[in-house]
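Data block for work-v4.txt (compact mmCIF, C-alpha atoms):
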```txt
# COMPACT_ATOMS: atom_id res chain seq x y z
CA GLU A 1 23.34 -10.86 19.51
CA ASP A 2 23.16 -10.98 15.72
CA LEU A 3 25.53 -8.06 15.23
CA ALA A 4 27.95 -9.53 17.78
CA ARG A 5 28.41 -12.51 15.42
CA LYS A 6 30.03 -10.06 13.00
CA PRO A 7 28.18 -10.85 9.76
CA ASP A 8 29.89 -9.99 6.47
CA LEU A 9 27.01 -7.63 5.68
CA THR A 10 23.86 -6.39 7.36
CA PHE A 11 21.10 -4.83 5.27
CA VAL A 12 17.42 -4.09 5.71
CA GLN A 13 14.44 -4.53 3.43
CA LEU A 14 11.62 -2.02 3.78
CA SER A 15 8.48 -2.14 1.67
CA ASP A 16 5.28 -0.26 0.96
CA SER A 17 5.88 2.98 2.85
CA GLN A 18 2.94 4.12 0.68
CA PHE A 19 2.56 7.73 1.79
CA ASP A 20 -0.87 9.20 1.00
CA ASP A 21 -1.62 12.91 0.51
CA LYS A 22 -5.17 12.54 1.95
CA THR A 23 -6.84 14.07 -1.13
CA VAL A 24 -9.19 11.14 -1.85
CA PRO A 25 -11.67 10.60 1.02
CA ARG A 26 -11.66 6.79 0.95
CA TYR A 27 -7.95 6.71 1.80
CA LYS A 28 -7.91 9.08 4.76
CA ALA A 29 -8.64 6.59 7.56
CA ARG A 30 -6.44 3.79 6.22
CA TYR A 31 -3.37 6.03 5.91
CA ALA A 32 -3.94 8.08 9.05
CA TYR A 33 -0.60 7.02 10.57
CA ASP A 34 1.58 6.55 7.50
CA GLU A 35 4.00 9.33 8.43
CA GLN A 36 4.32 8.30 12.09
CA MET A 37 4.97 4.65 11.22
CA ASN A 38 7.63 5.49 8.65
CA GLU A 39 9.31 7.96 10.99
CA LEU A 40 9.52 5.15 13.56
CA VAL A 41 11.12 2.75 11.10
CA VAL A 42 13.67 5.35 9.99
CA ALA A 43 14.66 5.89 13.63
CA GLN A 44 14.95 2.13 14.24
CA VAL A 45 17.02 1.48 11.12
CA ASN A 46 19.30 4.36 12.00
CA ARG A 47 19.94 2.80 15.42
CA LEU A 48 20.74 -0.54 13.78
CA ASN A 49 22.99 1.25 11.26
CA PRO A 50 23.11 -1.40 8.49
CA GLN A 51 25.36 -0.94 5.49
CA LEU A 52 22.45 -0.83 3.01
CA ALA A 53 18.68 -0.35 2.92
CA PHE A 54 16.29 -1.42 0.16
CA MET A 55 12.67 -0.36 -0.41
CA THR A 56 10.80 -2.91 -2.53
CA GLY A 57 8.17 -0.64 -4.02
CA ASP A 58 5.04 1.37 -3.30
CA LEU A 59 6.88 4.32 -1.85
CA THR A 60 3.73 6.37 -2.50
CA ASN A 61 0.02 5.61 -2.62
CA LYS A 62 -1.22 7.76 -5.53
CA ASN A 63 2.15 8.73 -7.07
CA THR A 64 1.52 12.45 -6.48
CA GLU A 65 4.11 15.18 -6.08
CA ALA A 66 3.02 15.79 -2.47
CA GLU A 67 3.50 12.11 -1.59
CA TRP A 68 6.95 12.02 -3.19
CA LYS A 69 7.97 15.09 -1.22
CA THR A 70 6.77 13.48 2.02
CA PHE A 71 8.82 10.40 1.17
CA GLY A 72 11.88 12.56 0.56
CA ARG A 73 11.41 14.50 3.79
CA ILE A 74 11.14 11.41 5.99
CA TYR A 75 13.56 9.06 4.24
CA GLY A 76 16.04 11.87 3.73
CA LYS A 77 16.86 11.25 7.42
CA LEU A 78 17.85 7.62 6.79
CA LYS A 79 21.57 7.11 7.47
CA PRO A 80 22.37 4.07 5.28
CA PRO A 81 22.11 4.48 1.49
CA LEU A 82 18.60 3.66 0.26
CA TYR A 83 17.97 1.72 -2.94
CA ALA A 84 14.33 1.76 -4.02
CA MET A 85 12.34 0.02 -6.76
CA PRO A 86 9.02 1.18 -8.21
CA GLY A 87 5.81 -0.57 -7.17
CA ASN A 88 2.42 -0.49 -8.82
CA HIS A 89 1.47 2.63 -6.82
CA ASP A 90 4.62 4.41 -8.07
CA THR A 91 3.75 3.65 -11.69
CA LEU A 92 1.69 6.02 -13.83
CA TYR A 93 -1.66 4.67 -15.01
CA ASP A 94 -1.98 3.28 -18.50
CA ARG A 95 -2.31 6.43 -20.61
CA THR A 96 -4.91 4.78 -22.84
CA LYS A 97 -7.23 4.22 -19.86
CA LEU A 98 -7.44 7.69 -18.34
CA ASP A 99 -11.21 7.68 -18.04
CA LYS A 100 -13.84 7.62 -15.30
CA GLU A 101 -14.83 4.04 -16.02
CA SER A 102 -11.26 2.80 -15.49
CA LEU A 103 -10.14 5.04 -12.61
CA GLY A 104 -13.26 6.28 -10.82
CA ASP A 105 -12.34 8.77 -8.09
CA LEU A 106 -8.64 8.51 -9.06
CA LEU A 107 -9.15 9.99 -12.55
CA GLU A 108 -8.19 13.55 -11.53
CA THR A 109 -5.07 12.26 -9.78
CA GLY A 110 -4.10 10.16 -12.79
CA LEU A 111 -4.47 13.11 -15.16
CA SER A 112 -2.49 15.42 -12.84
CA ASN A 113 0.34 12.90 -12.50
CA TRP A 114 0.75 12.54 -16.26
CA LYS A 115 0.64 16.33 -16.64
CA LEU A 116 3.45 16.66 -14.09
CA ALA A 117 5.47 13.93 -15.83
CA ASP A 118 5.13 15.74 -19.16
CA GLU A 119 6.17 19.06 -17.61
CA LEU A 120 9.23 17.53 -15.97
CA ALA A 121 10.26 15.83 -19.21
CA GLY A 122 9.56 18.89 -21.35
CA LYS A 123 7.66 16.64 -23.77
CA THR A 124 4.96 13.99 -23.86
CA GLU A 125 6.34 11.37 -21.49
CA SER A 126 6.01 7.69 -22.39
CA ASP A 127 7.74 5.98 -19.46
CA ARG A 128 5.26 5.03 -16.71
CA THR A 129 8.08 5.21 -14.13
CA ALA A 130 8.76 8.87 -14.99
CA LEU A 131 7.86 10.27 -11.56
CA PHE A 132 9.79 7.54 -9.74
CA ARG A 133 12.85 8.31 -11.89
CA HIS A 134 12.53 12.05 -11.26
CA PHE A 135 11.98 12.03 -7.50
CA MET A 136 14.32 9.13 -6.72
CA GLN A 137 16.95 10.11 -9.29
CA ARG A 138 17.36 6.45 -10.13
CA LYS A 139 16.69 4.08 -13.02
CA PRO A 140 13.76 1.69 -12.52
CA TYR A 141 16.07 -1.37 -12.51
CA TYR A 142 19.77 -1.64 -11.67
CA ALA A 143 22.46 -3.59 -9.79
CA VAL A 144 24.13 -2.86 -6.43
CA GLU A 145 27.25 -4.59 -5.09
CA LYS A 146 28.66 -4.59 -1.56
CA ASN A 147 30.95 -6.90 0.45
CA GLY A 148 30.66 -9.83 -1.91
CA CYS A 149 26.89 -9.41 -2.26
CA VAL A 150 25.09 -8.54 -5.49
CA PHE A 151 21.58 -7.06 -5.45
CA LEU A 152 19.64 -7.08 -8.72
CA CYS A 153 16.77 -4.63 -8.30
CA LEU A 154 13.88 -5.12 -10.72
CA ASN A 155 11.07 -2.92 -11.97
CA THR A 156 7.93 -5.04 -11.53
CA GLY A 157 5.54 -2.09 -11.16
CA VAL A 158 3.04 -3.44 -13.67
CA ALA A 159 3.29 -7.03 -12.35
CA SER A 160 5.38 -7.84 -15.40
CA VAL A 161 8.97 -7.89 -16.66
CA ASP A 162 9.39 -7.02 -20.32
CA LYS A 163 11.83 -8.75 -22.70
CA GLU A 164 14.48 -6.04 -22.41
CA GLN A 165 14.56 -6.20 -18.61
CA MET A 166 14.43 -10.01 -18.63
CA GLN A 167 17.50 -10.07 -20.86
CA TRP A 168 19.21 -7.62 -18.50
CA LEU A 169 18.43 -9.92 -15.57
CA ARG A 170 19.80 -12.93 -17.44
CA ASP A 171 22.97 -11.01 -18.39
CA GLU A 172 23.50 -9.78 -14.82
CA LEU A 173 23.05 -13.26 -13.37
CA GLU A 174 25.63 -14.57 -15.82
CA ARG A 175 28.01 -11.71 -15.03
CA THR A 176 27.77 -12.32 -11.30
CA LYS A 177 27.65 -16.13 -11.34
CA ASP A 178 30.85 -16.32 -9.27
CA ALA A 179 29.80 -13.78 -6.63
CA ASP A 180 29.45 -15.02 -3.05
CA HIS A 181 25.79 -14.03 -2.75
CA VAL A 182 23.19 -12.80 -5.25
CA PHE A 183 19.82 -11.39 -4.21
CA VAL A 184 17.04 -10.45 -6.65
CA LEU A 185 14.52 -7.88 -5.45
CA GLY A 186 11.22 -6.64 -6.85
CA HIS A 187 7.92 -5.23 -5.67
CA TYR A 188 5.78 -8.15 -6.81
CA PRO A 189 6.47 -11.72 -5.65
CA VAL A 190 6.96 -14.43 -8.27
CA LEU A 191 5.69 -17.42 -6.27
CA PRO A 192 2.02 -18.19 -7.04
CA ALA A 193 1.71 -19.34 -3.41
CA PHE A 194 2.14 -15.73 -2.25
CA GLY A 195 -0.74 -14.58 -4.47
CA ASN A 196 -1.15 -11.48 -6.64
CA SER A 197 2.26 -11.97 -8.17
CA ILE A 198 3.98 -11.64 -11.54
CA GLN A 199 1.90 -13.79 -13.84
CA GLY A 200 2.33 -16.79 -16.10
CA PRO A 201 5.35 -17.38 -18.33
CA GLU A 202 7.30 -14.39 -16.99
CA ALA A 203 7.10 -15.65 -13.41
CA GLN A 204 8.16 -19.13 -14.52
CA GLU A 205 11.09 -17.71 -16.48
CA ILE A 206 12.27 -15.77 -13.42
CA LEU A 207 11.86 -18.82 -11.17
CA THR A 208 13.90 -20.86 -13.65
CA LEU A 209 16.68 -18.26 -13.67
CA LEU A 210 16.73 -18.10 -9.88
CA ARG A 211 17.19 -21.87 -9.72
CA GLU A 212 19.73 -22.12 -12.55
CA TYR A 213 21.97 -19.39 -11.13
CA ARG A 214 21.57 -20.52 -7.50
CA VAL A 215 20.30 -17.13 -6.38
CA THR A 216 20.45 -16.64 -2.61
CA ALA A 217 16.95 -15.19 -2.23
CA TYR A 218 14.17 -13.31 -3.98
CA LEU A 219 12.90 -10.40 -1.85
CA SER A 220 9.52 -8.77 -2.50
CA GLY A 221 6.67 -6.81 -0.93
CA HIS A 222 3.23 -5.77 -2.24
CA ARG A 223 1.12 -8.23 -0.22
CA HIS A 224 1.22 -6.22 3.05
CA ARG A 225 2.13 -9.31 5.06
CA TYR A 226 5.17 -11.29 6.16
CA ASP A 227 5.90 -14.76 4.77
CA TYR A 228 8.77 -16.93 3.56
CA ARG A 229 9.10 -20.12 1.52
CA MET A 230 11.94 -22.16 0.08
CA HIS A 231 11.36 -23.01 -3.59
CA ASP A 232 13.81 -25.00 -5.74
CA GLY A 233 16.63 -24.16 -3.34
CA VAL A 234 15.92 -20.40 -3.39
CA MET A 235 14.45 -18.56 -0.41
CA HIS A 236 11.52 -16.24 -1.17
CA MET A 237 10.94 -13.54 1.45
CA LEU A 238 7.76 -11.48 1.54
CA CYS A 239 8.20 -8.21 3.45
CA ASP A 240 5.30 -6.64 5.33
CA CYS A 241 4.20 -3.02 4.80
CA LEU A 242 4.95 0.17 6.76
CA CYS A 243 1.75 2.13 6.15
CA TRP A 244 -1.29 0.24 7.47
CA GLY A 245 -2.32 -3.11 8.84
CA GLU A 246 -2.04 -5.01 12.09
CA TYR A 247 1.71 -5.71 12.04
CA ARG A 248 3.74 -3.05 10.27
CA SER A 249 7.24 -4.46 10.06
CA TYR A 250 10.46 -4.78 8.06
CA GLN A 251 13.24 -7.31 7.47
CA VAL A 252 16.83 -7.34 8.72
CA TYR A 253 19.31 -9.60 6.91
CA HIS A 254 22.69 -10.72 8.27
CA VAL A 255 24.91 -12.33 5.62
CA TYR A 256 27.49 -15.01 6.47
CA PRO A 257 29.57 -17.12 4.06
CA ASP A 258 27.40 -20.24 4.41
CA HIS A 259 23.99 -18.91 5.45
CA ILE A 260 21.71 -15.88 5.80
CA ASP A 261 19.79 -14.83 8.90
CA ALA A 262 16.52 -13.19 7.85
CA CYS A 263 14.93 -11.37 10.76
CA TRP A 264 11.35 -10.15 10.98
CA LYS A 265 11.12 -6.90 12.98
CA PRO A 266 7.75 -5.30 13.80
CA ILE A 267 7.85 -1.53 14.28
CA PHE A 268 5.81 -2.02 17.44
CA ARG A 269 4.08 -4.88 19.19
CA ALA A 270 0.32 -4.71 18.62
CA ASP A 271 -0.43 -7.54 21.06
CA GLY A 272 1.20 -10.48 22.81
CA ASN A 273 0.49 -13.03 20.08
CA ARG A 274 3.64 -12.46 18.06
CA PRO A 275 7.28 -12.16 19.03
CA LEU A 276 9.13 -8.88 19.09
CA TYR A 277 11.76 -10.35 16.76
CA GLU A 278 11.97 -13.54 14.70
CA ARG A 279 15.05 -15.04 13.08
CA VAL A 280 14.90 -17.48 10.17
CA SER A 281 18.21 -18.96 8.94
CA PHE A 282 18.58 -20.44 5.47
CA PRO A 283 21.64 -21.83 3.63
CA GLU A 284 23.62 -20.00 0.98
CA PRO A 285 23.19 -22.27 -2.08
CA ARG A 286 26.51 -21.13 -3.59
CA PHE A 287 28.61 -21.98 -0.53
CA SER A 288 28.48 -25.76 -0.93
CA SER A 289 29.91 -25.54 -4.46
CA LYS A 290 32.96 -23.43 -3.51
```
Written as structure tokens, that's how I'd like the structure from this file.
Amino acid sequence: EDLARKPDLTFVQLSDSQFDDKTVPRYKARYAYDEQMNELVVAQVNRLNPQLAFMTGDLTNKNTEAEWKTFGRIYGKLKPPLYAMPGNHDTLYDRTKLDKESLGDLLETGLSNWKLADELAGKTESDRTALFRHFMQRKPYYAVEKNGCVFLCLNTGVASVDKEQMQWLRDELERTKDADHVFVLGHYPVLPAFGNSIQGPEAQEILTLLREYRVTAYLSGHRHRYDYRMHDGVMHMLCDCLCWGEYRSYQVYHVYPDHIDACWKPIFRADGNRPLYERVSFPEPRFSSK
């Protein structure tokens, strides 16, 4: 029914595929079905055949080479182009805190990941997104444009946005102020109501920019649950995860000139308490001013 309405653009938001290589015992049960669930979502998205797909972070669980290769093997079958952003699990640990006290049973993994990053760079690597950049062949933040829609993809992997990236976001919002639709995407939410989000002044600065530039929506993941809230005229969508939990699901967005249909789609129905599909429509804030 939604596709029959002929939207200007259909895209999907996936989040937290979070593949685990099963090398740390405490993760084995939680991630027992990570590959099967992600294979299911790839098959479903391919049937839908949207123009674009976005993954808002945590592609891996421990940021290891094996997990990145699993991601590439499964998502290499995805038909629409995939645009991913790094999450906290795709970000190398703080190099000054590579000790047992800080990392516990993840110390060996943390040391191995930095060693691999250094080998790939041919020098001592300083960028904590080094493995993301290598395996995804993509910068940690960038812009995508399609059918009158602009997507500004942020690197929020350390629950923060530094001054350089904040200036880039401001410049991109100014550059695209006359676009029909502008979406901002990041792994971490910025609304305090969603919890465990970008903190303090940085979150407030982003919220102010979203309001000032009449951004269509801010799309995030990280929380492993589905939620949505309108804040200062901007819709904030929280995408569920694909790796573990009761309702593994993703989002389907249909874009029209005056509104967006945001559709919650579980991979499977765990019980009869939730619908198989839920549509939430919200207005395009830029349409009324044209």
Query raised in the report: So, counting all atoms listed in the file, which residue among A:Leu173, A:Thr129, A:Phe287, A:Val24 is closest to Gly104 of chain A?
Result: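 Comparing A:Leu173, A:Thr129, A:Phe287, A:Val24 against Gly104 of chain A, the winner is A:Val24.
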Requested in this report: Identify, on the basis of only C-alpha atoms, every residue whose closest approach to Ala4 of chain A does not exceed 12 Å; exclude the query and any residue fewer than 4 positions from it along the same chain; express the result as a PyMOL selection string.
Outcome: chain A and resi 8+10+254
**Report entry** Contacts of Ile206 of chain A within 10 Å, only C-alpha atoms, excl. fewer than 3 positions in-chain, as a PyMOL selection string
**Finding:** chain A and resi 161+166+169-170+184+190-191+198+201-203+209-212+218
Query - Answer as an MDAnalysis selection string, residues within 9 Å of (-3.0, 8.7, 6.3) using only C-alpha atoms - result: chainID A and resid 19:22 27:35 243:244
Query raised in the report: Of the candidates A:Tyr277, A:Tyr141, A:Tyr188, A:Phe54, which one gets nearest to Ser160 of chain A if we count only C-alpha atoms?
Result: A:Tyr188
Query raised in the report: Nearest to Leu106 of chain A among A:Leu82, A:Leu92, A:Ala43, A:Leu219, with distances taken over only C-alpha atoms: which residue is it?
Result: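 Comparing A:Leu82, A:Leu92, A:Ala43, A:Leu219 against Leu106 of chain A, the winner is A:Leu92.
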Query - Non-local contacts of Lys146 of chain A (10 Å; all atoms listed in the file; under 5 positions in same chain excluded) as an MDAnalysis selection string - result: chainID A and resid 8:9 51:52 151 181
Report task. In Å, rounded to a single decimal, give me how far atom CA of Phe194 of chain A is from atom CA of Tyr247 of chain A. Result ->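 Separation of atom CA of Tyr247 of chain A and atom CA of Phe194 of chain A: 17.5 Å.
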Query raised in the report: Between A:Cys241, A:Val144, A:Ala117, A:Ile260, which is the closest to Phe132 of chain A once you count only C-alpha atoms?
Result: A:Ala117
Query - Shortest interatomic distance to Ala66 of chain A - which of A:Asp127, A:Phe135, A:Tyr83, A:Asp105, counting all atoms listed in the file - result: A:Phe135
Query - Point (2.8, 0.1, 0.7) neighbourhood (9 Å, all atoms listed in the file) written as a ChimeraX atom specification - result: /A:15-19,57-61,87,89,221-224,240-244
